[in-house]
>>> print(open('coords_9.cif').read())   # mmCIF, C-alpha atoms
data_data
loop_
_atom_site.label_atom_id
_atom_site.label_comp_id
_atom_site.auth_asym_id
_atom_site.auth_seq_id
_atom_site.Cartn_x
_atom_site.Cartn_y
_atom_site.Cartn_z
CA MET A 1377 0.00 0.00 0.00
CA ALA A 1378 2.99 2.30 0.43
CA ASN A 1379 3.15 3.28 -3.23
CA LYS A 1380 -0.48 4.47 -3.02
CA ASN A 1381 0.90 7.51 -1.22
CA LEU A 1382 3.06 8.40 -4.20
CA SER A 1383 0.40 7.67 -6.81
CA ASN A 1384 -2.25 9.76 -5.08
CA ALA A 1385 0.12 12.67 -4.61
CA LYS A 1386 1.37 12.57 -8.21
CA ASN A 1387 -2.15 12.43 -9.62
CA ALA A 1388 -3.11 15.48 -7.60
CA LYS A 1389 0.25 17.17 -8.25
CA ASN A 1390 0.45 17.49 -4.46
CA ASP A 1391 3.77 15.75 -4.02
CA GLU A 1392 5.68 17.95 -1.64
CA PHE A 1393 7.30 15.48 0.71
CA TYR A 1394 9.73 17.04 3.16
CA THR A 1395 12.89 15.01 3.71
CA GLN A 1396 14.02 14.12 7.21
CA LEU A 1397 17.24 15.70 8.47
CA ASN A 1398 18.82 12.35 9.34
CA ASP A 1399 18.17 11.04 5.79
CA ILE A 1400 19.88 14.09 4.29
CA GLN A 1401 22.82 13.72 6.64
CA ALA A 1402 23.24 9.99 5.96
CA GLU A 1403 23.28 10.58 2.20
CA VAL A 1404 25.59 13.61 2.18
CA ASN A 1405 28.03 11.86 4.53
CA ALA A 1406 28.61 9.24 1.81
CA TYR A 1407 30.02 11.92 -0.50
CA ILE A 1408 31.98 13.64 2.26
CA ASP A 1409 33.55 10.29 3.22
CA TYR A 1410 34.62 9.72 -0.38
CA ASP A 1411 35.83 13.28 -0.98
CA PRO A 1412 36.03 15.61 2.06
CA ASP A 1413 36.31 18.61 -0.29
CA VAL A 1414 33.34 17.78 -2.50
CA PHE A 1415 31.47 20.95 -1.42
CA ARG A 1416 34.47 23.18 -0.74
CA GLY A 1417 34.36 26.53 -2.52
CA LYS A 1418 31.04 25.64 -4.15
CA THR A 1419 27.83 27.61 -4.60
CA VAL A 1420 24.98 25.26 -3.71
CA LEU A 1421 21.41 25.93 -4.88
CA LEU A 1422 18.43 24.36 -3.13
CA PRO A 1423 15.39 25.03 -5.36
CA CYS A 1424 11.90 23.74 -4.51
CA ASP A 1425 12.94 24.24 -0.90
CA ASP A 1426 11.33 26.26 1.86
CA PRO A 1427 13.71 26.64 4.81
CA GLU A 1428 10.76 27.30 7.09
CA TRP A 1429 9.57 23.73 6.47
CA SER A 1430 12.32 21.81 4.69
CA ASN A 1431 15.53 20.48 6.21
CA PHE A 1432 17.87 20.88 3.24
CA THR A 1433 18.63 24.55 3.91
CA ARG A 1434 18.93 23.96 7.63
CA PHE A 1435 21.40 21.10 7.08
CA PHE A 1436 23.67 22.92 4.64
CA ALA A 1437 23.51 26.18 6.61
CA GLN A 1438 24.53 24.46 9.82
CA ASN A 1439 27.41 22.76 7.98
CA PHE A 1440 28.40 25.81 5.93
CA GLU A 1441 31.85 26.18 7.47
CA ARG A 1442 32.51 22.45 7.89
CA PHE A 1443 31.83 21.86 4.18
CA GLY A 1444 33.70 25.00 3.15
CA LEU A 1445 30.82 26.36 1.08
CA LYS A 1446 31.21 29.58 -0.88
CA LYS A 1447 27.49 30.41 -0.98
CA LEU A 1448 24.18 28.75 -0.18
CA ILE A 1449 21.02 29.79 -2.05
CA SER A 1450 17.56 28.33 -1.55
CA THR A 1451 14.25 29.26 -3.12
CA SER A 1452 10.67 28.50 -2.15
CA TYR A 1453 7.48 28.27 -4.18
CA ALA A 1454 4.57 30.63 -3.53
CA ALA A 1455 1.61 29.08 -1.72
CA ALA A 1456 -0.89 30.53 -4.21
CA SER A 1457 0.82 28.75 -7.12
CA LYS A 1458 0.75 25.30 -5.60
CA ASN A 1459 -1.76 22.80 -6.92
CA ILE A 1460 -3.43 22.09 -3.63
CA SER A 1461 -6.95 21.39 -4.82
CA ALA A 1462 -6.85 17.90 -3.34
CA THR A 1463 -6.43 19.25 0.16
CA LYS A 1464 -9.86 19.13 1.76
CA ASP A 1465 -9.70 22.45 3.60
CA ILE A 1466 -8.74 24.54 0.57
CA LYS A 1467 -11.24 25.91 -1.93
CA SER A 1468 -10.81 26.92 -5.55
CA ARG A 1469 -13.18 29.30 -7.29
CA LYS A 1470 -13.32 29.69 -11.08
CA GLY A 1471 -9.73 28.48 -11.43
CA LYS A 1472 -8.44 31.07 -8.99
CA LYS A 1473 -6.96 29.80 -5.78
CA ASP A 1474 -8.39 31.04 -2.51
CA VAL A 1475 -5.34 31.62 -0.31
CA SER A 1476 -7.24 32.81 2.74
CA TRP A 1477 -6.17 29.51 4.35
CA TYR A 1478 -2.50 30.47 4.14
CA GLN A 1479 -0.83 31.49 7.38
CA PRO A 1480 2.74 32.86 7.22
CA THR A 1481 5.15 31.48 9.75
CA LEU A 1482 6.09 33.48 12.81
CA PHE A 1483 9.60 33.78 11.36
CA GLU A 1484 8.28 35.57 8.27
CA LYS A 1485 5.75 37.76 10.07
CA GLU A 1486 8.35 39.04 12.51
CA SER A 1487 10.83 39.91 9.75
CA PRO A 1488 11.06 43.59 8.73
CA GLN A 1489 10.63 42.66 5.05
CA TYR A 1490 7.30 40.90 5.66
CA ASP A 1491 4.66 42.02 3.17
CA GLU A 1492 1.08 40.84 3.60
CA GLU A 1493 0.33 41.30 -0.11
CA LYS A 1494 3.36 39.32 -1.27
CA THR A 1495 3.50 36.50 1.25
CA ALA A 1496 1.16 34.06 -0.54
CA VAL A 1497 1.87 35.00 -4.16
CA ARG A 1498 5.64 35.45 -4.24
CA GLY A 1499 8.36 32.91 -3.78
CA LYS A 1500 11.25 33.60 -1.45
CA ILE A 1501 15.01 33.49 -1.84
CA PHE A 1502 17.36 32.78 1.04
CA VAL A 1503 21.10 33.47 0.78
CA LEU A 1504 23.96 32.58 3.10
CA ASP A 1505 27.52 33.66 2.33
CA HIS A 1506 28.86 35.60 5.32
CA ASP A 1507 28.57 36.17 9.06
CA THR A 1508 25.67 38.63 9.18
CA ASN A 1509 25.22 38.68 12.97
CA LYS A 1510 28.97 39.01 13.67
CA ASN A 1511 29.10 36.13 16.14
CA GLY A 1512 32.21 34.64 14.57
CA LYS A 1513 30.60 31.80 12.63
CA ILE A 1514 28.41 31.32 9.56
CA ASP A 1515 25.31 29.24 10.16
CA PHE A 1516 21.54 29.11 9.83
CA LYS A 1517 21.08 32.33 11.82
CA ASP A 1518 22.97 34.29 9.14
CA LEU A 1519 20.48 33.54 6.36
CA GLU A 1520 19.12 36.62 4.57
CA TRP A 1521 15.87 36.45 2.69
CA GLU A 1522 13.71 38.46 0.33
CA TYR A 1523 10.62 37.94 -1.80
CA LEU A 1524 11.22 36.96 -5.39
CA GLU A 1525 9.53 38.91 -8.17
CA GLY A 1526 7.81 35.72 -9.32
CA ASP A 1527 6.35 32.70 -7.58
CA GLY A 1528 9.64 30.80 -7.27
CA ASP A 1529 8.89 28.17 -9.91
CA PHE A 1530 12.20 26.54 -10.82
CA ARG A 1531 11.46 27.15 -14.51
CA SER A 1532 11.15 30.91 -14.05
CA GLU A 1533 13.80 33.18 -15.49
CA GLU A 1534 15.05 34.39 -12.11
CA VAL A 1535 15.49 30.87 -10.70
CA CYS A 1536 17.14 29.76 -13.96
CA LYS A 1537 19.74 32.47 -13.40
CA LEU A 1538 20.40 31.09 -9.95
CA ARG A 1539 20.80 27.63 -11.46
CA ASP A 1540 23.38 28.97 -13.90
CA GLU A 1541 25.31 30.57 -11.05
CA ALA A 1542 25.36 27.43 -8.92
CA ASP A 1543 27.98 24.70 -8.99
CA MET A 1544 25.66 22.17 -7.40
CA ILE A 1545 21.92 21.57 -7.03
CA VAL A 1546 20.48 19.60 -4.11
CA THR A 1547 16.78 19.09 -3.39
CA ASN A 1548 13.75 16.83 -3.27
CA PRO A 1549 11.78 18.06 -6.32
CA PRO A 1550 8.08 17.34 -6.87
CA PHE A 1551 7.94 13.77 -8.22
CA SER A 1552 5.32 14.79 -10.79
CA LEU A 1553 7.84 17.19 -12.34
CA PHE A 1554 10.90 14.95 -12.14
CA ARG A 1555 11.46 14.73 -15.91
CA GLU A 1556 11.25 18.50 -16.26
CA PHE A 1557 13.42 19.13 -13.25
CA LEU A 1558 16.21 16.83 -14.43
CA ALA A 1559 16.15 18.43 -17.88
CA TRP A 1560 16.34 21.81 -16.16
CA ILE A 1561 19.49 20.74 -14.33
CA VAL A 1562 21.37 19.21 -17.26
CA GLY A 1563 20.51 22.06 -19.60
CA ASP A 1564 17.90 20.45 -21.84
CA ASP A 1565 15.00 22.46 -20.41
CA GLY A 1566 14.86 24.74 -23.45
CA LYS A 1567 13.60 21.77 -25.45
CA ASP A 1568 10.79 21.11 -23.02
CA VAL A 1569 7.38 22.33 -24.19
CA LEU A 1570 6.02 22.87 -20.67
CA THR A 1571 9.05 24.96 -19.74
CA GLN A 1572 8.72 27.05 -22.91
CA ARG A 1573 5.05 27.69 -22.16
CA ARG A 1574 5.86 28.61 -18.59
CA ARG A 1575 8.47 31.14 -19.66
CA GLY A 1576 6.23 32.57 -22.32
CA ALA A 1577 3.41 33.11 -19.83
CA GLU A 1578 5.36 34.73 -17.05
CA SER A 1579 5.83 38.45 -16.88
CA VAL A 1580 8.36 39.62 -14.34
CA LYS A 1581 7.98 43.36 -13.96
CA GLY A 1582 10.43 45.76 -12.43
CA GLY A 1583 13.46 43.48 -12.80
CA LEU A 1584 14.66 40.96 -10.27
CA ALA A 1585 14.48 41.05 -6.50
CA THR A 1586 16.14 44.07 -4.96
CA SER A 1587 17.88 44.61 -1.58
CA ALA A 1588 20.90 42.84 -0.13
CA VAL A 1589 19.70 39.42 -1.25
CA ALA A 1590 19.59 40.56 -4.88
CA LYS A 1591 23.35 40.11 -5.04
CA ALA A 1592 22.57 36.44 -5.67
CA PHE A 1593 21.40 37.55 -9.11
CA ALA A 1594 24.27 39.95 -9.78
CA PHE A 1595 26.10 38.37 -12.71
CA THR A 1596 29.32 39.84 -14.01
CA LYS A 1597 30.24 39.22 -17.65
CA ALA A 1598 32.71 36.58 -16.49
CA THR A 1599 29.94 34.80 -14.56
CA ALA A 1600 27.68 34.83 -17.61
CA ASP A 1601 30.46 33.46 -19.81
CA GLU A 1602 31.03 30.63 -17.35
CA SER A 1603 27.36 29.64 -17.04
CA ALA A 1604 27.30 27.55 -20.23
CA ASP A 1605 30.26 25.50 -19.05
CA LYS A 1606 28.67 25.07 -15.62
CA LYS A 1607 25.50 23.62 -17.15
CA SER A 1608 27.40 20.74 -18.73
CA THR A 1609 29.38 19.98 -15.57
CA LYS A 1610 26.85 20.92 -12.90
CA LYS A 1611 26.76 18.53 -9.97
CA PHE A 1612 23.46 17.48 -8.44
CA LEU A 1613 21.87 15.34 -5.76
CA ILE A 1614 18.10 14.90 -6.04
CA ILE A 1615 15.43 12.49 -4.85
CA GLY A 1616 13.15 10.66 -7.26
CA ASN A 1617 11.14 7.49 -7.72
CA GLN A 1618 12.94 4.35 -8.81
CA ASN A 1619 10.58 4.01 -11.77
CA ALA A 1620 12.18 7.13 -13.27
CA ILE A 1621 15.26 5.05 -14.10
CA THR A 1622 13.66 3.73 -17.28
CA TYR A 1623 12.26 7.09 -18.45
CA LYS A 1624 13.52 8.01 -21.90
CA GLU A 1625 14.81 11.30 -20.47
CA VAL A 1626 16.66 9.56 -17.63
CA PHE A 1627 18.07 6.22 -18.79
CA PRO A 1628 20.47 7.64 -21.43
CA LEU A 1629 22.21 9.61 -18.66
CA ILE A 1630 22.61 6.44 -16.59
CA LYS A 1631 23.80 4.42 -19.57
CA ALA A 1632 26.36 7.10 -20.49
CA ASN A 1633 27.62 7.14 -16.89
CA LYS A 1634 26.58 10.77 -16.47
CA MET A 1635 24.20 9.97 -13.62
CA TRP A 1636 23.88 7.15 -11.11
CA LEU A 1637 22.18 6.21 -7.87
CA GLY A 1638 23.40 7.57 -4.56
CA LYS A 1639 23.92 5.74 -1.30
CA GLY A 1640 20.17 5.44 -0.96
CA PHE A 1641 17.46 5.04 1.66
CA LYS A 1642 17.51 2.01 3.90
CA GLY A 1643 15.36 -0.69 2.35
CA GLY A 1644 14.54 1.52 -0.64
CA ALA A 1645 11.80 3.32 1.29
CA ALA A 1646 11.66 6.59 3.20
CA HIS A 1647 9.43 8.41 5.65
CA PHE A 1648 8.77 11.98 4.56
CA ILE A 1649 7.22 14.76 6.61
CA SER A 1650 3.80 15.27 5.04
CA LYS A 1651 0.14 16.07 5.68
CA TYR A 1652 -1.11 13.35 3.34
CA THR A 1653 -2.84 10.23 4.60
CA ASP A 1654 -0.32 7.50 5.35
CA TYR A 1655 -1.23 4.00 4.20
CA ALA A 1656 1.78 2.35 5.84
CA THR A 1657 1.18 -0.68 8.04
CA ALA A 1658 0.88 -0.02 11.76
CA GLY A 1659 4.43 -1.19 12.45
CA ASP A 1660 5.80 1.17 9.82
CA HIS A 1661 3.63 4.18 10.59
CA ARG A 1662 5.14 7.38 11.98
CA ALA A 1663 3.06 10.31 13.18
CA GLY A 1664 3.10 13.30 10.84
CA MET A 1665 4.92 11.36 8.14
CA ILE A 1666 4.18 9.40 5.02
CA ARG A 1667 6.00 6.25 3.94
CA VAL A 1668 6.97 6.05 0.26
CA SER A 1669 8.65 2.99 -1.19
CA GLY A 1670 10.88 2.85 -4.25
CA VAL A 1671 12.56 6.22 -3.70
CA VAL A 1672 16.23 6.80 -4.58
CA TRP A 1673 18.83 9.54 -4.75
CA PHE A 1674 19.97 10.45 -8.28
CA THR A 1675 23.37 12.09 -8.53
CA ASN A 1676 26.60 12.61 -10.43
CA LEU A 1677 28.64 12.90 -7.23
CA GLU A 1678 31.07 10.08 -6.58
CA HIS A 1679 30.70 7.85 -3.53
CA GLY A 1680 32.59 4.81 -2.36
CA ARG A 1681 29.93 2.13 -2.72
CA ARG A 1682 29.64 2.89 -6.43
CA HIS A 1683 33.12 1.44 -6.96
CA GLN A 1684 32.71 -1.72 -4.91
CA PRO A 1685 32.36 -4.73 -7.26
CA LEU A 1686 29.82 -7.42 -6.55
CA ARG A 1687 31.06 -10.79 -5.36
CA LEU A 1688 29.44 -13.28 -7.73
CA MET A 1689 29.27 -17.00 -8.26
CA THR A 1690 29.88 -18.76 -11.57
CA ILE A 1691 27.06 -20.14 -13.70
CA ALA A 1692 27.75 -23.65 -12.40
CA ASP A 1693 27.81 -22.56 -8.76
CA ASN A 1694 24.59 -20.57 -9.14
CA ILE A 1695 22.82 -23.59 -10.61
CA LYS A 1696 24.08 -25.71 -7.73
CA PHE A 1697 23.97 -23.34 -4.76
CA SER A 1698 21.71 -20.34 -5.54
CA LYS A 1699 19.16 -19.53 -2.85
CA HIS A 1700 16.67 -18.70 -5.59
CA LYS A 1701 14.50 -21.57 -6.82
CA GLU A 1702 14.18 -19.83 -10.19
CA VAL A 1703 17.90 -20.48 -10.80
CA ARG A 1704 18.93 -23.37 -8.56
CA GLY A 1705 18.88 -26.63 -10.50
CA LYS A 1706 17.48 -24.86 -13.59
CA GLY A 1707 20.00 -22.37 -14.92
CA TYR A 1708 19.20 -19.23 -16.90
CA GLN A 1709 16.46 -18.81 -19.48
CA LYS A 1710 17.09 -16.97 -22.75
CA TYR A 1711 14.67 -14.30 -23.89
CA ASP A 1712 12.70 -15.00 -27.03
CA ASN A 1713 12.85 -11.38 -28.25
CA TYR A 1714 16.22 -10.16 -26.93
CA ASP A 1715 19.72 -11.52 -27.36
CA ALA A 1716 20.20 -11.88 -23.61
CA ILE A 1717 19.60 -14.22 -20.69
CA GLU A 1718 17.17 -13.59 -17.84
CA VAL A 1719 18.77 -12.97 -14.45
CA PRO A 1720 15.88 -12.44 -12.01
CA PHE A 1721 18.01 -11.38 -9.01
CA THR A 1722 21.10 -9.22 -8.69
CA ASP A 1723 22.87 -11.74 -6.45
CA ALA A 1724 22.25 -14.42 -9.10
CA ILE A 1725 24.30 -12.65 -11.79
CA PRO A 1726 26.80 -15.23 -13.10
CA GLY A 1727 30.31 -13.82 -12.78
CA ASP A 1728 31.69 -15.84 -15.70
CA TYR A 1729 29.06 -15.00 -18.33
CA ASP A 1730 30.29 -12.76 -21.15
CA GLY A 1731 27.03 -12.15 -22.99
CA VAL A 1732 24.22 -9.67 -22.37
CA MET A 1733 22.07 -10.18 -19.27
CA GLY A 1734 18.67 -8.75 -18.35
CA VAL A 1735 18.68 -7.74 -14.69
CA PRO A 1736 16.18 -6.00 -12.36
CA VAL A 1737 16.22 -2.21 -12.19
CA SER A 1738 17.26 -2.57 -8.54
CA PHE A 1739 20.65 -3.79 -9.83
CA LEU A 1740 21.64 -0.14 -10.12
CA ASP A 1741 21.85 0.03 -6.32
CA LYS A 1742 24.89 -2.26 -6.61
CA TYR A 1743 26.17 -1.15 -10.01
CA CYS A 1744 29.94 -0.80 -10.29
CA PRO A 1745 30.96 0.79 -13.62
CA GLU A 1746 34.35 -0.90 -13.52
CA GLN A 1747 32.66 -4.31 -13.31
CA PHE A 1748 29.74 -3.96 -15.73
CA GLU A 1749 28.68 -2.00 -18.79
CA ILE A 1750 25.05 -0.92 -19.19
CA VAL A 1751 24.10 -1.67 -22.79
CA GLY A 1752 20.39 -0.88 -22.94
CA SER A 1753 16.89 -1.17 -21.56
CA GLU A 1754 13.57 -2.49 -22.80
CA LYS A 1755 12.79 0.88 -24.39
CA GLN A 1756 16.32 1.59 -25.64
CA ASN A 1757 17.61 -1.65 -27.03
CA GLU A 1758 19.65 -1.02 -30.17
CA GLY A 1759 21.32 -4.27 -31.23
CA ILE A 1760 19.67 -6.30 -28.47
CA ARG A 1761 16.07 -6.79 -29.58
CA THR A 1762 15.70 -9.61 -32.07
CA LYS A 1763 11.97 -9.80 -32.66
CA ILE A 1764 8.74 -7.78 -32.84
CA TYR A 1765 5.58 -9.78 -32.13
CA PRO A 1766 2.30 -9.52 -33.98
CA GLU A 1767 -0.90 -8.93 -32.01
CA GLN A 1768 -1.30 -11.38 -29.12
CA ILE A 1769 -4.03 -12.83 -26.98
CA GLN A 1770 -3.54 -11.89 -23.33
CA VAL A 1771 -4.88 -14.65 -21.09
CA GLU A 1772 -5.36 -13.42 -17.53
CA ALA A 1773 -5.24 -15.61 -14.44
CA SER A 1774 -9.05 -15.47 -14.34
CA GLY A 1775 -9.21 -16.83 -17.88
CA LYS A 1776 -10.30 -13.53 -19.45
CA ARG A 1777 -8.89 -13.14 -22.98
CA SER A 1778 -8.18 -9.91 -24.88
CA ARG A 1779 -6.20 -8.81 -27.93
CA VAL A 1780 -3.10 -6.73 -27.05
CA THR A 1781 0.40 -5.83 -28.19
CA LYS A 1782 1.89 -5.68 -24.67
CA LEU A 1783 4.41 -8.43 -25.35
CA ASN A 1784 6.51 -5.91 -27.27
CA ASP A 1785 6.80 -3.68 -24.20
CA GLY A 1786 9.46 -5.81 -22.54
CA ALA A 1787 11.45 -9.01 -22.46
CA ALA A 1788 9.51 -12.22 -23.13
CA ILE A 1789 10.20 -15.88 -22.46
CA LEU A 1790 8.79 -18.70 -24.60
CA LEU A 1791 7.03 -21.19 -22.31
CA PRO A 1792 7.02 -24.96 -22.88
CA GLU A 1793 3.24 -24.93 -22.38
CA ALA A 1794 0.41 -22.62 -21.40
CA PRO A 1795 0.47 -22.08 -17.61
CA SER A 1796 -2.53 -21.90 -15.30
CA GLY A 1797 -3.31 -19.33 -12.63
CA VAL A 1798 -1.06 -16.62 -14.08
CA THR A 1799 -1.24 -14.12 -16.94
CA TYR A 1800 0.43 -15.17 -20.19
CA TYR A 1801 0.33 -14.28 -23.89
CA GLN A 1802 -0.60 -16.48 -26.79
CA ILE A 1803 0.45 -16.24 -30.43
CA ASP A 1804 -0.93 -19.11 -32.51
CA ASP A 1805 -0.08 -22.19 -30.43
CA ALA A 1806 2.83 -20.65 -28.54
CA ALA A 1807 2.62 -19.26 -25.00
CA TYR A 1808 4.85 -16.50 -23.62
CA ALA A 1809 5.51 -14.87 -20.26
CA GLN A 1810 6.64 -11.28 -19.89
CA VAL A 1811 9.17 -10.45 -17.20
CA TYR A 1812 9.15 -7.26 -15.13
CA LYS A 1813 11.23 -4.21 -16.12
CA ARG A 1814 14.79 -5.07 -17.04
CA ILE A 1815 17.97 -3.26 -17.96
CA PHE A 1816 20.66 -5.00 -19.97
CA ILE A 1817 24.26 -5.29 -18.83
CA ARG A 1818 27.48 -6.99 -19.89
CA ALA A 1819 30.57 -7.79 -17.84
CA ARG A 1820 33.72 -5.76 -18.43
CA ARG A 1821 36.79 -7.95 -18.90
CA PRO A 1822 40.45 -6.86 -18.63
CA LYS A 1823 41.90 -6.33 -22.08
#
>>> encode(input="coords_9.cif", output="structure tokens")
Amino acid sequence: MANKNLSNAKNAKNDEFYTQLNDIQAEVNAYIDYDPDVFRGKTVLLPCDDPEWSNFTRFFAQNFERFGLKKLISTSYAAASKNISATKDIKSRKGKKDVSWYQPTLFEKESPQYDEEKTAVRGKIFVLDHDTNKNGKIDFKDLEWEYLEGDGDFRSEEVCKLRDEADMIVTNPPFSLFREFLAWIVGDDGKDVLTQRRRGAESVKGGLATSAVAKAFAFTKATADESADKKSTKKFLIIGNQNAITYKEVFPLIKANKMWLGKGFKGGAAHFISKYTDYATAGDHRAGMIRVSGVVWFTNLEHGRRHQPLRLMTIADNIKFSKHKEVRGKGYQKYDNYDAIEVPFTDAIPGDYDGVMGVPVSFLDKYCPEQFEIVGSEKQNEGIRTKIYPEQIQVEASGKRSRVTKLNDGAAILLPEAPSGVTYYQIDDAAYAQVYKRIFIRARRPK
């Protein structure tokens, strides 16, 4: 039931899950352990982040001096622009959001720059780069903030300028916008139709935010000249759903070794601070939080586990000793429509096989680029797919039959006979089973 939380939130575009401080610390420590200077001298941008609620800004601000940061910038999204129609206590009239429900925090209301007319409709920018209170250290208390001219959408022109200034982007973006957000980071956002529409619709009057915080936008010519180079080399650490791995916008980056999975959440699931209904079992329920399974960190920052090769058995030893009944005593099945063998579990990968193997998406948690090469996926399979099937009959476990073409959506195995009690596909007299999502890998051998 845990994934119901994610599905409901994505459908309603209400997927603001606030990450726990200890989860952020555990992940960032993996990069610090590998390279203590990974953040030193860097400008870090935290978009889609509200320091009054989120822990990302608090964490990096409190570790500003320890990490040796040059500047920390975070931006928040205006309450009036959020799609919150699924929240029961919020009304919407004629497409215009009623923001009478919105209550600014005490922190904002007590600040001299508080503006009652701007609070719900403008985003905010927070900047940390020096000791503002003169207490001898730079930390969370030295943050300066101001209202943005727009609503703080990461696709807006003013936030795009902040992106171009930054060396590194760290955040938990809305899962429903993950494709767009990743494209925005790597510099392909100009090709995105939604982003183009967003930019065409916005009208930022009177320039960018003024006051002391506006220095975050103050580009010199040298800074502007460097921004193009920064886009291609920009470092990032973001949270997303595991299913995003096979997206056409995501997988090429993983295959090209330009993005990989981070250290990760324990058990592949995380508890986020949220107001949504939690469907977790009683033993896994935490007050004020929501449990979401299948969440991962996507990054291009190096960490030690990424370079630890898997210890694997040979084909013969797997057939003899594997703990998995699908392999033990049976061996490995060959796909009917791909030139590869089926490996249903990461720990069942045969260490002495030189051909292409189809492995679960979860393999990427253990992927070592020195040990294996990623050669494709079900959707991007140049040179691997060997067959396209004609229309099939899908036979469900209940016996219901329907005409489909689903067998071409993934790897298929030719069955010796039609099974009972499970879904299979029939073409003439042949029966086929379709395996779950797979990526294709091949072992690297010393030359």
>>> resolve_selection(input="coords_9.cif", expression="the PyMOL selection byres ((chain A and resi 1693) around 12)", output="list in words")
Leu1688, Met1689, Thr1690, Ile1691, Ala1692, Asn1694, Ile1695, Lys1696, Phe1697, Ser1698, Lys1699, Val1703, Arg1704, Gly1705, Lys1706, Gly1707, Ala1724, Ile1725, Pro1726, Gly1727 and Asp1728 of chain A
>>> residues_around(input="coords_9.cif", residues="Asn1548 (chain A)", least_positions_apart="3", cutoff="8 Å", atoms="only C-alpha atoms", output="JSON, numbers by chain")
{"A": [1393, 1394, 1395, 1424, 1425, 1614, 1615, 1616]}
>>> atom_distance(input="coords_9.cif", atom1="CA of Glu1533 (chain A)", atom2="CA of Thr1609 (chain A)")
20.4 Å
>>> resolve_selection(input="coords_9.cif", expression="the PyMOL selection byres ((chain A and resi 1538) around 10)", output="number ranges by chain")
A: 1419-1423, 1449-1451, 1530, 1533-1537, 1539-1543, 1592-1595
>>> resolve_selection(input="coords_9.cif", expression="the PyMOL selection byres ((chain A and resi 1734) around 12)", output="VMD selection string")
chain A and resid 1708 to 1711 1713 to 1722 1724 to 1726 1731 to 1733 1735 to 1739 1750 to 1754 1757 1760 to 1761 1786 to 1789 1811 to 1819
>>> closest_residue(input="coords_9.cif", among="A:Ile1400, A:Ile1666, A:Val1771, A:Ala1496", to="Ala1456 (chain A)", atoms="all atoms listed in the file")
A:Ala1496
>>> closest_residue(input="coords_9.cif", among="A:Asp1805, A:Glu1678, A:Glu1493, A:Asp1712", to="Pro1412 (chain A)", atoms="all atoms listed in the file")
A:Glu1678
>>> residues_around(input="coords_9.cif", residues="Lys1447 (chain A)", least_positions_apart="4", cutoff="12 Å", atoms="only C-alpha atoms", output="PyMOL selection string")
chain A and resi 1415-1422+1433+1436-1437+1439-1441+1443+1502-1507+1514-1515+1518-1520+1538+1541-1544+1589+1591-1592
>>> atom_distance(input="coords_9.cif", atom1="CA of Asp1529 (chain A)", atom2="CA of Glu1484 (chain A)")
19.6 Å
>>> closest_residue(input="coords_9.cif", among="A:Gly1512, A:Pro1628, A:Pro1427, A:Pro1685", to="Phe1483 (chain A)", atoms="all atoms listed in the file")
A:Pro1427
>>> closest_residue(input="coords_9.cif", among="A:Ala1402, A:Ala1646, A:Ala1773, A:Val1780", to="Pro1795 (chain A)", atoms="all atoms listed in the file")
A:Ala1773
>>> atom_distance(input="coords_9.cif", atom1="CA of Gln1770 (chain A)", atom2="CA of Tyr1801 (chain A)")
4.6 Å
>>> closest_residue(input="coords_9.cif", among="A:Glu1749, A:Asp1804, A:Glu1492, A:Asp1399", to="Ile1769 (chain A)", atoms="all atoms listed in the file")
A:Asp1804
>>> residues_around(input="coords_9.cif", residues="Gln1684 (chain A)", least_positions_apart="5", cutoff="9 Å", atoms="all atoms listed in the file", output="JSON, numbers by chain")
{"A": [1742, 1743, 1744, 1746, 1747]}
>>> closest_residue(input="coords_9.cif", among="A:Phe1557, A:Gln1756, A:Ser1796, A:Gln1802", to="Arg1779 (chain A)", atoms="all atoms listed in the file")
A:Gln1802
>>> residues_around(input="coords_9.cif", residues="His1679 (chain A)", least_positions_apart="3", cutoff="9 Å", atoms="all atoms listed in the file", output="list of chain:residue names")
A:Ala1406, A:Tyr1407, A:Ile1408, A:Asp1409, A:Tyr1410, A:Asp1411, A:Gly1638, A:Lys1639, A:Arg1682, A:His1683
